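K.L.:
The structure that follows is given in the form of structure tokens.
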Amino acid sequence: MATAIEVVFENGLLRPLQQLALNEGQRISILLIEPEEARLAAMREAMNDPLFLADLQEVMEDFQYIDAEGSTE
């Protein structure tokens, strides 16, 4: 079973923002996903980073020469 919840990181611990139906001492796995706002902020920052933009341009140029089979001839 998978359940998505929001948590806050405080004093070195993750604190759920809602009640959880877990037994005391029960172990669970957690997948950390940044909120969308954080990802968008990182993208905005990258758009103004000359090194990132140069790398992106280089990758785009490399893809111009790759044919449908994936060769670079």
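Residue numbering restarts at 1 in every chain; chains get A, B, ... in the order shown in the structure tokens, and ligands count up from 1 in that same order.
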When DSSP is applied to the backbone of this structure, which of chain A are assigned helix (DSSP H, G or I)? Write them out as a count of residues only.

P.N.:
26

K.L.:
What is the distance between CA of Leu51 (chain A) and CA of Gln64 (chain A), in Å to one decimal?

P.N.:
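If I compute the distance from CA of Leu51 (chain A) to CA of Gln64 (chain A), I get 20.4 Å.
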
K.L.:
Work out how far apart CA of Leu56 (chain A) and CA of Leu31 (chain A) are and give it in Å to one decimal.

P.N.:
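Those two atoms sit 28.8 Å apart.
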
K.L.:
Taking into account only C-alpha atoms, which residue in the set A:Ala46, A:Ile30, A:Leu40, A:Leu17 is nearest to Thr3 (chain A)?

P.N.:
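Between A:Ala46, A:Ile30, A:Leu40, A:Leu17, the residue approaching Thr3 (chain A) most closely is A:Ile30.
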
K.L.:
Might you pull out every residue within 12 Å of Met1 (chain A), with only C-alpha atoms counted and same-chain residues fewer than 3 positions away left off, and present them as a list in words?

P.N.:
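So the residues in contact are Ala4, Ile28 and Ser29 of chain A.
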
K.L.:
Considering only C-alpha atoms, can you say which of A:Ile33, A:Ile5, A:Ala38, A:Met47 comes closest to Ala21 (chain A)?

P.N.:
A:Ile5

K.L.:
Pull the strand (DSSP E or B) assignments for chain A out of DSSP run on the backbone, and list those residues as a list in words.

P.N.:
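In chain A, DSSP puts these residues in strand (DSSP E or B): Val7, Val8, Phe9, Glu10, Leu13, Leu14, Arg15 and Pro16 of chain A.
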
K.L.:
Take the selection from the previous step and output its residues with C-alpha atoms, as a PDB file, in the first residue's frame.

P.N.:
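What ended up in out-v2.pdb:
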```pdb
ATOM      1  CA  VAL A   7       5.919  16.235   6.344  1.00  0.00           C
ATOM      2  CA  VAL A   8       8.054  18.974   7.842  1.00  0.00           C
ATOM      3  CA  PHE A   9      11.719  18.450   8.698  1.00  0.00           C
ATOM      4  CA  GLU A  10      12.274  19.828  12.227  1.00  0.00           C
ATOM      5  CA  LEU A  13      13.181  14.541  12.362  1.00  0.00           C
ATOM      6  CA  LEU A  14      10.396  14.281   9.808  1.00  0.00           C
ATOM      7  CA  ARG A  15       7.078  15.341  11.388  1.00  0.00           C
ATOM      8  CA  PRO A  16       3.905  14.291   9.539  1.00  0.00           C
TER       9      PRO A  16
END
```

K.L.:
Please measure the separation of CA of Gln18 (chain A) and CA of Ala42 (chain A), giving the value in Å to one decimal.

P.N.:
27.8 Å
